[in-house]
$ cat start.txt   # compact mmCIF, C-alpha atoms
# COMPACT_ATOMS: atom_id res chain seq x y z
CA MET A 1 -99.57 26.83 10.66
CA VAL A 2 -96.21 27.06 8.99
CA SER A 3 -93.38 28.49 11.00
CA VAL A 4 -91.44 31.41 9.65
CA SER A 5 -88.18 29.59 10.19
CA SER A 6 -89.21 26.80 7.81
CA ARG A 7 -89.50 29.31 4.97
CA LEU A 8 -86.04 30.71 5.43
CA PRO A 9 -83.26 29.24 3.28
CA THR A 10 -80.99 26.83 5.04
CA PRO A 11 -77.68 28.53 5.74
CA ALA A 12 -74.68 27.04 3.97
CA PRO A 13 -72.40 25.04 6.26
CA ALA A 14 -69.29 26.78 7.38
CA PRO A 15 -66.06 25.67 5.71
CA SER A 16 -64.46 22.81 7.58
CA THR A 17 -60.75 22.59 8.06
CA ALA A 18 -61.12 18.81 8.32
CA GLY A 19 -62.54 18.61 4.81
CA THR A 20 -59.14 17.96 3.29
CA ALA A 21 -57.61 16.12 6.27
CA THR A 22 -59.94 13.13 6.01
CA PRO A 23 -59.24 12.35 2.33
CA LEU A 24 -55.51 12.75 2.91
CA ALA A 25 -55.65 10.46 5.92
CA ARG A 26 -57.61 7.90 3.93
CA ILE A 27 -55.14 8.10 1.07
CA GLY A 28 -52.28 7.57 3.52
CA LEU A 29 -53.94 4.52 5.06
CA GLN A 30 -54.67 3.02 1.67
CA ALA A 31 -51.07 3.61 0.60
CA LEU A 32 -49.87 1.97 3.80
CA GLY A 33 -52.11 -1.01 3.09
CA ALA A 34 -50.65 -1.37 -0.41
CA VAL A 35 -47.07 -1.24 0.94
CA VAL A 36 -47.75 -3.71 3.76
CA ALA A 37 -49.54 -6.12 1.43
CA GLY A 38 -46.73 -5.95 -1.12
CA TYR A 39 -43.94 -6.60 1.36
CA LEU A 40 -45.95 -9.26 3.18
CA VAL A 41 -46.55 -11.37 0.07
CA MET A 42 -42.94 -10.93 -1.00
CA GLY A 43 -41.77 -12.10 2.41
CA VAL A 44 -44.04 -15.14 2.31
CA VAL A 45 -42.94 -16.24 -1.17
CA ALA A 46 -39.26 -15.58 -0.42
CA GLY A 47 -39.50 -17.42 2.90
CA LEU A 48 -41.10 -20.47 1.32
CA GLY A 49 -38.51 -20.47 -1.45
CA LEU A 50 -35.63 -20.26 1.00
CA TRP A 51 -37.20 -22.99 3.12
CA ALA A 52 -37.45 -25.24 0.06
CA ALA A 53 -33.82 -24.44 -0.76
CA GLY A 54 -32.71 -25.49 2.72
CA ALA A 55 -31.79 -22.01 3.94
CA THR A 56 -33.36 -22.72 7.32
CA ASP A 57 -30.21 -24.72 8.13
CA LEU A 58 -28.00 -21.64 7.86
CA PRO A 59 -26.22 -20.82 11.13
CA GLY A 60 -28.40 -18.07 12.57
CA GLY A 61 -28.86 -16.09 9.39
CA PHE A 62 -32.27 -17.02 7.97
CA THR A 63 -33.95 -13.72 8.89
CA ALA A 64 -31.09 -11.73 7.38
CA VAL A 65 -31.11 -13.83 4.21
CA LEU A 66 -34.89 -13.43 3.92
CA ALA A 67 -34.57 -9.66 4.23
CA ALA A 68 -31.76 -9.68 1.65
CA VAL A 69 -33.85 -11.64 -0.85
CA VAL A 70 -36.74 -9.17 -0.52
CA VAL A 71 -34.33 -6.25 -0.90
CA MET A 72 -32.84 -7.82 -4.03
CA ALA A 73 -36.34 -8.46 -5.39
CA THR A 74 -37.04 -4.72 -5.29
CA GLY A 75 -33.84 -3.87 -7.13
CA GLY A 76 -31.66 -3.32 -4.06
CA GLU A 77 -27.94 -3.98 -3.99
CA VAL A 78 -26.64 -6.61 -1.59
CA GLY A 79 -22.86 -6.76 -1.64
CA LEU A 80 -20.83 -9.78 -0.60
CA SER A 81 -17.69 -9.45 1.48
CA GLY A 82 -15.14 -11.84 2.90
CA SER A 83 -12.52 -11.94 5.61
CA ALA A 84 -9.78 -14.51 6.05
CA GLY A 85 -7.05 -12.73 7.98
CA ASP A 86 -3.53 -12.32 6.63
CA LEU A 87 -3.06 -15.89 5.36
CA ALA A 88 -5.99 -16.01 2.97
CA GLY A 89 -8.20 -13.82 0.85
CA THR A 90 -11.80 -14.06 -0.34
CA HIS A 91 -13.70 -12.28 -3.07
CA ALA A 92 -17.35 -12.53 -3.99
CA ASP A 93 -20.07 -10.61 -5.78
CA LEU A 94 -23.67 -11.32 -6.71
CA THR A 95 -26.06 -9.54 -9.04
CA ALA A 96 -29.41 -11.22 -9.53
CA MET A 97 -33.10 -10.64 -8.92
CA PRO A 98 -35.41 -13.37 -7.57
CA LEU A 99 -38.14 -12.49 -10.06
CA SER A 100 -40.81 -14.75 -8.53
CA VAL A 101 -40.66 -12.56 -5.43
CA THR A 102 -40.50 -9.43 -7.59
CA LEU A 103 -43.52 -10.43 -9.65
CA VAL A 104 -45.88 -11.22 -6.77
CA GLY A 105 -44.83 -8.03 -5.00
CA ALA A 106 -45.48 -5.93 -8.10
CA LEU A 107 -48.88 -7.56 -8.77
CA VAL A 108 -50.15 -7.19 -5.21
CA THR A 109 -48.81 -3.66 -4.71
CA GLY A 110 -50.19 -2.49 -8.04
CA TYR A 111 -53.59 -4.05 -7.36
CA CYS A 112 -53.86 -2.50 -3.90
CA PHE A 113 -52.75 0.87 -5.29
CA LEU A 114 -55.51 0.85 -7.93
CA ARG A 115 -58.27 -0.77 -5.88
CA PRO A 116 -59.53 2.44 -4.14
CA LEU A 117 -60.02 4.05 -7.57
CA ARG A 118 -62.13 1.32 -9.13
CA HIS A 119 -65.50 3.00 -8.37
CA HIS A 120 -64.43 6.48 -9.46
CA ALA A 121 -65.76 7.86 -12.73
CA VAL A 122 -62.72 10.07 -13.08
CA THR A 123 -59.55 10.70 -11.12
CA SER A 124 -57.94 14.06 -10.60
CA ALA A 125 -54.26 14.45 -11.26
CA ARG A 126 -53.81 15.81 -7.73
CA GLU A 127 -55.35 12.75 -6.07
CA LEU A 128 -53.37 10.38 -8.26
CA ALA A 129 -50.14 12.22 -7.44
CA LEU A 130 -50.92 12.15 -3.71
CA ARG A 131 -51.60 8.41 -3.80
CA ALA A 132 -48.42 7.73 -5.74
CA ALA A 133 -46.26 9.96 -3.52
CA SER A 134 -47.63 8.39 -0.33
CA THR A 135 -47.01 4.89 -1.62
CA VAL A 136 -43.48 5.73 -2.76
CA VAL A 137 -42.48 7.36 0.55
CA LEU A 138 -43.82 4.49 2.64
CA TRP A 139 -42.26 1.91 0.34
CA LEU A 140 -38.82 3.48 0.63
CA ALA A 141 -39.14 3.78 4.40
CA ALA A 142 -39.92 0.06 4.68
CA LEU A 143 -37.08 -0.75 2.27
CA ALA A 144 -34.63 1.20 4.44
CA GLY A 145 -35.73 -0.82 7.47
CA LEU A 146 -35.27 -4.11 5.62
CA SER A 147 -31.84 -3.00 4.42
CA ALA A 148 -30.72 -2.57 8.02
CA VAL A 149 -31.68 -6.19 8.74
CA ALA A 150 -30.13 -7.66 5.58
CA ARG A 151 -26.59 -8.25 6.85
CA HIS A 152 -24.85 -11.35 8.16
CA ASP A 153 -21.54 -13.29 8.11
CA PHE A 154 -21.12 -17.02 7.55
CA PRO A 155 -18.03 -19.18 8.20
CA ILE A 156 -16.45 -20.95 5.22
CA THR A 157 -15.78 -24.68 5.51
CA LEU A 158 -14.69 -27.28 3.02
CA PRO A 159 -17.72 -29.14 1.65
CA GLY A 160 -18.26 -32.69 2.76
CA GLY A 161 -16.98 -35.40 0.50
CA SER A 162 -14.22 -33.25 -0.97
CA ASP A 163 -11.02 -34.72 -2.31
CA GLN A 164 -9.03 -36.24 0.59
CA SER A 165 -5.62 -35.37 -0.85
CA ALA A 166 -2.69 -33.96 1.10
CA LEU A 167 -3.35 -30.54 -0.45
CA SER A 168 -6.97 -30.73 0.63
CA ASP A 169 -5.87 -31.66 4.17
CA LEU A 170 -3.50 -28.69 4.17
CA PHE A 171 -6.26 -26.33 3.06
CA GLY A 172 -8.57 -27.74 5.70
CA ALA A 173 -5.98 -27.18 8.41
CA LEU A 174 -5.39 -23.62 7.24
CA LEU A 175 -9.13 -22.91 7.23
CA ASP A 176 -9.23 -24.01 10.85
CA VAL A 177 -6.53 -21.45 11.61
CA VAL A 178 -7.67 -18.40 9.63
CA HIS A 179 -11.44 -18.92 10.08
CA PRO A 180 -12.48 -17.31 6.78
CA THR A 181 -15.95 -15.84 6.52
CA VAL A 182 -18.18 -14.53 3.77
CA GLY A 183 -21.01 -12.13 4.48
CA PHE A 184 -23.42 -9.76 2.83
CA ARG A 185 -24.38 -6.15 3.43
CA THR A 186 -26.94 -3.87 1.83
CA ASP A 187 -25.61 -0.77 0.09
CA ILE A 188 -28.28 1.63 1.32
CA GLY A 189 -27.73 4.43 -1.21
CA PRO A 190 -28.06 2.41 -4.44
CA THR A 191 -30.74 0.27 -2.81
CA LEU A 192 -33.01 3.25 -2.13
CA LEU A 193 -32.35 4.67 -5.60
CA HIS A 194 -33.16 1.38 -7.32
CA GLY A 195 -36.10 0.87 -4.96
CA LEU A 196 -37.44 4.28 -6.00
CA LEU A 197 -37.19 3.36 -9.68
CA TRP A 198 -38.80 -0.02 -8.93
CA ILE A 199 -41.87 1.27 -7.09
CA VAL A 200 -42.40 4.16 -9.55
CA GLY A 201 -42.18 1.65 -12.40
CA VAL A 202 -44.67 -0.67 -10.71
CA LEU A 203 -47.22 2.11 -10.15
CA LEU A 204 -46.82 3.39 -13.71
CA ALA A 205 -47.15 -0.11 -15.14
CA ALA A 206 -50.26 -0.71 -13.02
CA LEU A 207 -51.90 2.39 -14.51
CA LEU A 208 -50.93 1.36 -18.03
CA VAL A 209 -52.21 -2.22 -17.88
CA SER A 210 -55.42 -1.51 -15.96
CA ARG A 211 -58.44 -1.57 -18.22
CA ARG A 212 -60.92 0.13 -15.90
CA THR A 213 -59.03 2.43 -13.55
CA PRO A 214 -59.98 6.03 -14.42
CA LEU A 215 -57.32 8.45 -15.54
CA PRO A 216 -57.11 12.22 -15.18
CA PRO A 217 -59.02 13.98 -17.99
CA ARG A 218 -55.84 15.10 -19.75
CA LEU A 219 -54.68 11.49 -20.11
CA LEU A 220 -57.96 9.98 -21.36
CA ARG A 221 -56.94 10.28 -25.02
CA TYR A 222 -53.99 7.93 -24.42
CA GLN A 223 -55.92 5.03 -22.90
CA GLU A 224 -57.37 3.65 -26.13
CA PRO A 225 -54.08 3.15 -28.02
CA VAL A 226 -52.00 2.29 -24.93
CA ARG A 227 -53.97 0.21 -22.47
CA PRO A 228 -55.12 -2.73 -24.65
CA ALA A 229 -51.56 -3.36 -25.87
CA ALA A 230 -50.07 -2.88 -22.39
CA HIS A 231 -52.62 -5.27 -20.88
CA ALA A 232 -51.79 -7.78 -23.63
CA MET A 233 -48.12 -7.66 -22.62
CA LEU A 234 -49.05 -8.38 -19.01
CA ARG A 235 -51.08 -11.35 -20.20
CA LEU A 236 -48.11 -12.58 -22.24
CA LEU A 237 -45.65 -12.36 -19.33
CA LEU A 238 -48.09 -14.08 -16.96
CA ALA A 239 -48.89 -16.77 -19.53
CA TYR A 240 -45.22 -17.72 -19.71
CA VAL A 241 -45.00 -17.79 -15.92
CA VAL A 242 -48.09 -19.99 -15.62
CA LEU A 243 -46.79 -22.31 -18.34
CA GLY A 244 -43.45 -22.55 -16.57
CA LEU A 245 -45.22 -23.27 -13.29
CA VAL A 246 -47.15 -26.15 -14.82
CA ILE A 247 -44.02 -27.61 -16.38
CA GLY A 248 -42.11 -27.23 -13.11
CA LEU A 249 -44.80 -29.01 -11.10
CA VAL A 250 -44.90 -31.84 -13.61
CA VAL A 251 -41.11 -32.18 -13.48
CA ALA A 252 -41.20 -32.21 -9.67
CA ALA A 253 -43.85 -34.93 -9.66
CA VAL A 254 -42.23 -37.13 -12.33
CA LYS A 255 -38.48 -36.73 -11.83
CA GLY A 256 -38.30 -36.08 -8.10
CA HIS A 257 -36.16 -33.40 -6.42
CA ALA A 258 -39.39 -31.70 -5.42
CA ALA A 259 -37.80 -29.38 -2.87
CA GLU A 260 -35.18 -28.06 -5.31
CA THR A 261 -37.77 -27.56 -8.05
CA LEU A 262 -40.11 -25.80 -5.65
CA ALA A 263 -37.29 -23.47 -4.61
CA VAL A 264 -36.69 -22.53 -8.25
CA LEU A 265 -40.40 -21.91 -8.81
CA LEU A 266 -40.73 -19.74 -5.72
CA LEU A 267 -37.57 -17.71 -6.30
CA GLY A 268 -36.64 -17.65 -9.97
CA LEU A 269 -39.49 -18.88 -12.18
CA PRO A 270 -39.85 -15.67 -14.27
CA ASN A 271 -36.06 -15.58 -14.70
CA ILE A 272 -36.36 -18.80 -16.70
CA ALA A 273 -39.81 -18.21 -18.22
CA TRP A 274 -38.98 -14.78 -19.65
CA LEU A 275 -35.65 -16.05 -20.93
CA ALA A 276 -37.65 -18.72 -22.76
CA LEU A 277 -39.84 -15.98 -24.24
CA GLY A 278 -36.82 -14.03 -25.45
CA VAL A 279 -35.14 -17.10 -26.92
CA GLY A 280 -38.39 -18.18 -28.57
CA ILE A 281 -38.67 -14.94 -30.55
CA GLY A 282 -35.02 -15.10 -31.65
CA GLY A 283 -33.24 -13.28 -28.84
CA SER A 284 -30.06 -14.46 -27.15
CA TRP A 285 -28.01 -14.29 -23.97
CA GLU A 286 -24.33 -14.90 -23.29
CA GLY A 287 -22.70 -16.31 -20.21
CA THR A 288 -20.65 -18.97 -18.52
CA ALA A 289 -20.83 -21.38 -15.60
CA GLN A 290 -17.53 -22.41 -14.02
CA GLY A 291 -16.73 -24.26 -10.84
CA PRO A 292 -18.70 -26.74 -8.78
CA PHE A 293 -21.47 -24.39 -7.75
CA GLY A 294 -24.16 -22.79 -9.86
CA LEU A 295 -27.54 -21.18 -9.76
CA PRO A 296 -30.82 -23.10 -9.94
CA MET A 297 -31.51 -23.44 -13.63
CA PRO A 298 -32.59 -26.14 -16.10
CA GLN A 299 -29.90 -28.68 -16.93
CA VAL A 300 -29.96 -27.76 -20.61
CA LEU A 301 -29.16 -24.13 -19.81
CA ASP A 302 -26.39 -25.12 -17.42
CA ALA A 303 -24.89 -27.40 -20.08
CA VAL A 304 -24.85 -24.59 -22.66
CA LEU A 305 -23.21 -22.19 -20.21
CA ARG A 306 -20.48 -24.69 -19.35
CA GLN A 307 -19.50 -25.62 -22.91
CA GLY A 308 -17.77 -22.29 -23.70
CA GLY A 309 -16.52 -21.18 -27.10
CA GLY A 310 -19.56 -19.03 -27.75
CA THR A 311 -17.89 -15.86 -29.06
CA PRO A 312 -14.48 -15.27 -30.69
CA GLN A 313 -13.87 -12.23 -28.48
CA ASN A 314 -14.65 -14.15 -25.27
CA PRO A 315 -14.08 -17.88 -25.83
CA GLU A 316 -15.05 -18.61 -22.24
CA LEU A 317 -18.56 -17.27 -22.86
CA SER A 318 -21.33 -19.32 -24.41
CA THR A 319 -24.19 -17.99 -26.50
CA VAL A 320 -27.61 -19.01 -25.25
CA ASP A 321 -30.08 -19.01 -28.13
CA LEU A 322 -32.50 -21.38 -29.81
CA ASN A 323 -29.75 -23.20 -31.74
CA SER A 324 -27.44 -23.78 -28.78
CA LEU A 325 -30.28 -24.97 -26.54
CA ALA A 326 -31.63 -27.28 -29.25
CA ALA A 327 -28.16 -28.73 -29.71
CA GLN A 328 -28.36 -29.94 -26.10
CA ASP A 329 -32.05 -30.88 -26.17
CA SER A 330 -34.13 -30.90 -29.36
CA ARG A 331 -37.26 -30.11 -27.36
CA ALA A 332 -36.01 -26.53 -27.15
CA TRP A 333 -37.40 -25.99 -30.67
CA TRP A 334 -40.85 -25.95 -29.07
CA LEU A 335 -40.03 -22.47 -27.76
CA LEU A 336 -40.62 -21.08 -31.26
CA PRO A 337 -44.21 -22.32 -31.85
CA VAL A 338 -45.14 -21.59 -28.23
CA ALA A 339 -44.02 -17.99 -28.69
CA LEU A 340 -45.92 -17.77 -31.98
CA VAL A 341 -49.18 -19.02 -30.47
CA LEU A 342 -49.03 -16.94 -27.30
CA VAL A 343 -47.98 -13.67 -28.94
CA LEU A 344 -50.66 -14.06 -31.62
CA ALA A 345 -53.26 -14.83 -28.93
CA VAL A 346 -52.51 -11.68 -26.92
CA ALA A 347 -52.36 -9.65 -30.15
CA PHE A 348 -55.86 -10.84 -31.01
CA VAL A 349 -57.17 -10.06 -27.52
CA ALA A 350 -55.63 -6.58 -27.65
CA ALA A 351 -57.27 -5.91 -31.03
CA VAL A 352 -60.67 -7.14 -29.84
CA ARG A 353 -60.51 -4.90 -26.78
CA SER A 354 -59.51 -1.88 -28.84
CA PRO A 355 -62.04 0.40 -30.57
CA ALA A 356 -63.32 -1.05 -33.84
CA ARG A 357 -62.21 2.04 -35.76
CA PHE A 358 -58.57 1.02 -35.27
CA ARG A 359 -57.14 -0.58 -38.39
CA PRO A 360 -54.82 -3.63 -38.43
CA ARG A 361 -51.79 -1.45 -39.18
CA GLN A 362 -52.56 0.57 -36.04
CA HIS A 363 -52.78 -2.61 -33.97
CA ALA A 364 -49.45 -3.67 -35.46
CA LEU A 365 -47.80 -0.41 -34.45
CA HIS A 366 -49.29 -0.46 -30.93
CA LEU A 367 -48.31 -4.08 -30.25
CA GLY A 368 -44.85 -3.74 -31.80
CA ILE A 369 -43.98 -0.75 -29.62
CA ALA A 370 -45.52 -2.35 -26.53
CA PHE A 371 -43.64 -5.65 -27.06
CA ALA A 372 -40.31 -3.91 -27.61
CA LEU A 373 -40.75 -1.73 -24.51
CA THR A 374 -41.76 -4.78 -22.48
CA VAL A 375 -38.59 -6.60 -23.51
CA LEU A 376 -36.50 -3.54 -22.67
CA ALA A 377 -38.13 -3.49 -19.23
CA VAL A 378 -38.06 -7.16 -18.20
CA VAL A 379 -35.12 -8.75 -20.04
CA PRO A 380 -32.46 -6.76 -18.11
CA LEU A 381 -33.96 -8.22 -14.92
CA THR A 382 -32.77 -11.68 -16.00
CA LEU A 383 -29.12 -10.61 -15.65
CA VAL A 384 -27.13 -12.92 -13.37
CA GLU A 385 -23.54 -12.40 -12.23
CA ALA A 386 -22.26 -14.49 -9.33
CA ARG A 387 -18.60 -15.01 -8.45
CA PHE A 388 -16.81 -16.42 -5.44
CA GLY A 389 -13.22 -17.39 -4.75
CA LEU A 390 -10.93 -18.22 -1.83
CA SER A 391 -7.13 -18.17 -2.01
CA VAL A 392 -4.80 -19.45 0.71
CA LEU A 393 -1.14 -18.35 0.94
CA GLY A 394 -1.46 -16.86 -2.54
CA ILE A 395 -1.94 -20.30 -4.12
CA GLY A 396 -5.09 -19.22 -5.91
CA ASP A 397 -8.76 -20.08 -5.81
CA LEU A 398 -9.64 -23.38 -4.19
CA ALA A 399 -11.24 -25.49 -6.85
CA SER A 400 -13.81 -26.78 -4.37
CA LEU A 401 -14.93 -23.31 -3.32
CA GLY A 402 -14.44 -20.93 -6.28
CA GLY A 403 -16.45 -20.40 -9.41
CA GLN A 404 -18.72 -18.07 -11.33
CA VAL A 405 -22.05 -17.99 -13.11
CA VAL A 406 -22.73 -15.21 -15.63
CA LEU A 407 -25.80 -14.72 -17.80
CA ARG A 408 -26.21 -11.44 -19.70
CA PRO A 409 -28.91 -10.63 -22.26
CA HIS A 410 -28.26 -9.22 -25.71
CA LEU A 411 -30.84 -6.56 -24.96
CA TRP A 412 -31.16 -4.48 -28.11
CA ALA A 413 -31.12 -7.43 -30.48
CA THR A 414 -33.87 -9.12 -28.45
CA ALA A 415 -35.89 -5.89 -28.37
CA GLY A 416 -35.53 -5.65 -32.15
CA PHE A 417 -36.97 -9.14 -32.56
CA ALA A 418 -39.81 -8.20 -30.21
CA LEU A 419 -40.60 -5.12 -32.33
CA LEU A 420 -40.68 -7.25 -35.49
CA TRP A 421 -42.86 -9.93 -33.90
CA GLY A 422 -45.21 -7.31 -32.50
CA LEU A 423 -45.61 -5.60 -35.87
CA VAL A 424 -46.31 -8.82 -37.77
CA LEU A 425 -48.52 -10.59 -35.23
CA GLY A 426 -50.21 -7.35 -34.21
CA TYR A 427 -51.30 -6.94 -37.81
CA LEU A 428 -52.54 -10.53 -37.98
CA GLY A 429 -54.36 -10.10 -34.68
CA GLY A 430 -56.05 -6.98 -36.05
CA LEU A 431 -57.17 -8.86 -39.15
CA LEU A 432 -58.62 -11.68 -37.06
CA ALA A 433 -60.41 -9.18 -34.81
CA THR A 434 -62.17 -7.55 -37.77
CA ARG A 435 -63.68 -10.93 -38.67
CA VAL A 436 -64.96 -11.46 -35.15
CA ARG A 437 -66.83 -8.17 -34.86
CA ARG A 438 -70.40 -8.28 -36.15
CA GLY A 439 -72.26 -5.75 -38.23
CA GLY A 440 -69.28 -3.49 -38.85
CA ARG A 441 -69.49 -2.00 -35.36
CA THR A 442 -67.63 1.25 -34.85
CA ASP A 443 -66.97 3.28 -31.73
CA THR A 444 -68.15 6.83 -31.48
CA GLY A 445 -65.79 7.89 -28.79
CA PRO A 446 -63.53 6.75 -26.01
CA GLY A 447 -65.09 4.63 -23.34
CA PRO A 448 -64.43 4.77 -19.63
CA GLY A 449 -61.82 2.05 -19.86
CA SER A 450 -60.12 0.08 -22.54
$ encode --input "start.txt" --output "structure tokens"
Amino acid sequence: MVSVSSRLPTPAPAPSTAGTATPLARIGLQALGAVVAGYLVMGVVAGLGLWAAGATDLPGGFTAVLAAVVVMATGGEVGLSGSAGDLAGTHADLTAMPLSVTLVGALVTGYCFLRPLRHHAVTSARELALRAASTVVLWLAALAGLSAVARHDFPITLPGGSDQSALSDLFGALLDVVHPTVGFRTDIGPTLLHGLLWIVGVLLAALLVSRRTPLPPRLLRYQEPVRPAAHAMLRLLLAYVVLGLVIGLVVAAVKGHAAETLAVLLLGLPNIAWLALGVGIGGSWEGTAQGPFGLPMPQVLDAVLRQGGGTPQNPELSTVDLNSLAAQDSRAWWLLPVALVLVLAVAFVAAVRSPARFRPRQHALHLGIAFALTVLAVVPLTLVEARFGLSVLGIGDLASLGGQVVLRPHLWATAGFALLWGLVLGYLGGLLATRVRRGGRTDTGPGPGS
């Protein structure tokens, strides 16, 4: 016997007000996980780098310095200030990004942002916007908290082993009287603005370089020409970092100074590696290094910056390019063939991963634009400007405490070289890819990921 109730249609479930709350809550938790993971790995790398640099010996300021390094790695502004009473004056400024910390933070945050989408066949624009907005808001909130911690003052003392002249003794006695200090503070307004640009750029770059993350339907037509070239640029940047890491470890093992080398690798490896990329393709920087202190950098680069006479308009500045580096060390010429091999390799990979219907001239255009935009994005991050000086009784900067290090890229010229290299090697990569494909394979339509 069949009951009457079993023949009746099952009533539709009543609308649930929690239907939208659960996805939003999950999106918020996943965004929180991406933010926490990004800041955590940045803190670990920055902490290890500062430990290797000996920052743990600072008088009570390690936590503040660690917070400041992470803030600077996300584009924040940390201003230096000094106080020396009425008898002396101090001035200092620092503009630099520890790109090792920046890079690991960007990679981890971008990966965690995309990970929840990996099993989706398609992503709605609304969900993508919600995920991005949640991540951005939480990122800025954490950045504001770090900015409040990133402040400290340090006393200034004459370095050990300084010249024991009467003038030096006088300066030492005056320092004991005026107790000069130098400190740092985070400028919260510019820091949050730059942090906003940083996290939005990271999320956008993650979507561009990902080969499998689904896009909203309206954006699917852009993934075939954009994503293979963008992913190739990520491979190129990481290849230079890995190559620099290997060279750094070998130098540390062979020539000693392991702690100093490790500090450079953990704090500023991409600063040097991406400068090598720019110089290898014909780009240039200008700068100077004056005074007894400097930034961690290869000896050949420091020697070029200290020689001066680089430009007629600014004789104090030196030009950093392939010729000036090779004049100090002939091994710098290797930057040219290394750039040729690596750029051609990523051009070939990009062409192979693109639809077979794309012609070599299209690969050339895609890679040229991608390479130029990549240079415009990463080369400005290598900017370094650091100055410090102390004057006592108006006598001027103490030679043992003052100095400056400046390194500025010639951005548009380097981007022009990148465009030219991308066009030429993109075309060659496309030609090589056509020989690899078998049977004249062609694509009938866009795939789920490229």
$ closest_residue --input "start.txt" --among "A:His120, A:Arg151, A:Gly75, A:His231" --to "Gly189 in chain A" --atoms "only C-alpha atoms"
A:Gly75
$ residues_around --input "start.txt" --residues "range 279-293 of chain A" --least-positions-apart "5" --cutoff "7 Å" --atoms "all atoms listed in the file" --output "ChimeraX atom specification"
/A:302,305-306,308,316-322,335-336,339,399-400,402-410,413-414,417-418
$ residues_around --input "start.txt" --residues "range 366-371 of chain A" --least-positions-apart "6" --cutoff "7 Å" --atoms "all atoms listed in the file" --output "list in words"
Pro225, Ala229, Ala230, Met233, Ala347, Ala418, Leu419, Leu420, Trp421, Gly422, Leu423 and Gly426 of chain A
$ residues_near_point --input "start.txt" --point "(-41.9, -15.3, -22.2)" --cutoff "6 Å" --atoms "all atoms listed in the file" --output "ChimeraX atom specification"
/A:237,240,273-274,276-277
$ write_last_selection --input "start.txt" --atoms "C-alpha atoms" --output "PDB file, in the frame of the given file"
ATOM      1  CA  LEU A 237     -45.650 -12.360 -19.330  1.00  0.00           C
ATOM      2  CA  TYR A 240     -45.220 -17.720 -19.710  1.00  0.00           C
ATOM      3  CA  ALA A 273     -39.810 -18.210 -18.220  1.00  0.00           C
ATOM      4  CA  TRP A 274     -38.980 -14.780 -19.650  1.00  0.00           C
ATOM      5  CA  ALA A 276     -37.650 -18.720 -22.760  1.00  0.00           C
ATOM      6  CA  LEU A 277     -39.840 -15.980 -24.240  1.00  0.00           C
TER       7      LEU A 277
END
$ residues_near_point --input "start.txt" --point "(-58.7, 12.4, -15.9)" --cutoff "12 Å" --atoms "only C-alpha atoms" --output "list in words"
Leu117, His120, Ala121, Val122, Thr123, Ser124, Ala125, Arg126, Glu127, Leu128, Thr213, Pro214, Leu215, Pro216, Pro217, Arg218, Leu219, Leu220, Arg221, Tyr222, Gln223, Pro448 and Gly449 of chain A
$ atom_distance --input "start.txt" --atom1 "CA of Ile27 in chain A" --atom2 "CA of Ile188 in chain A"
27.6 Å
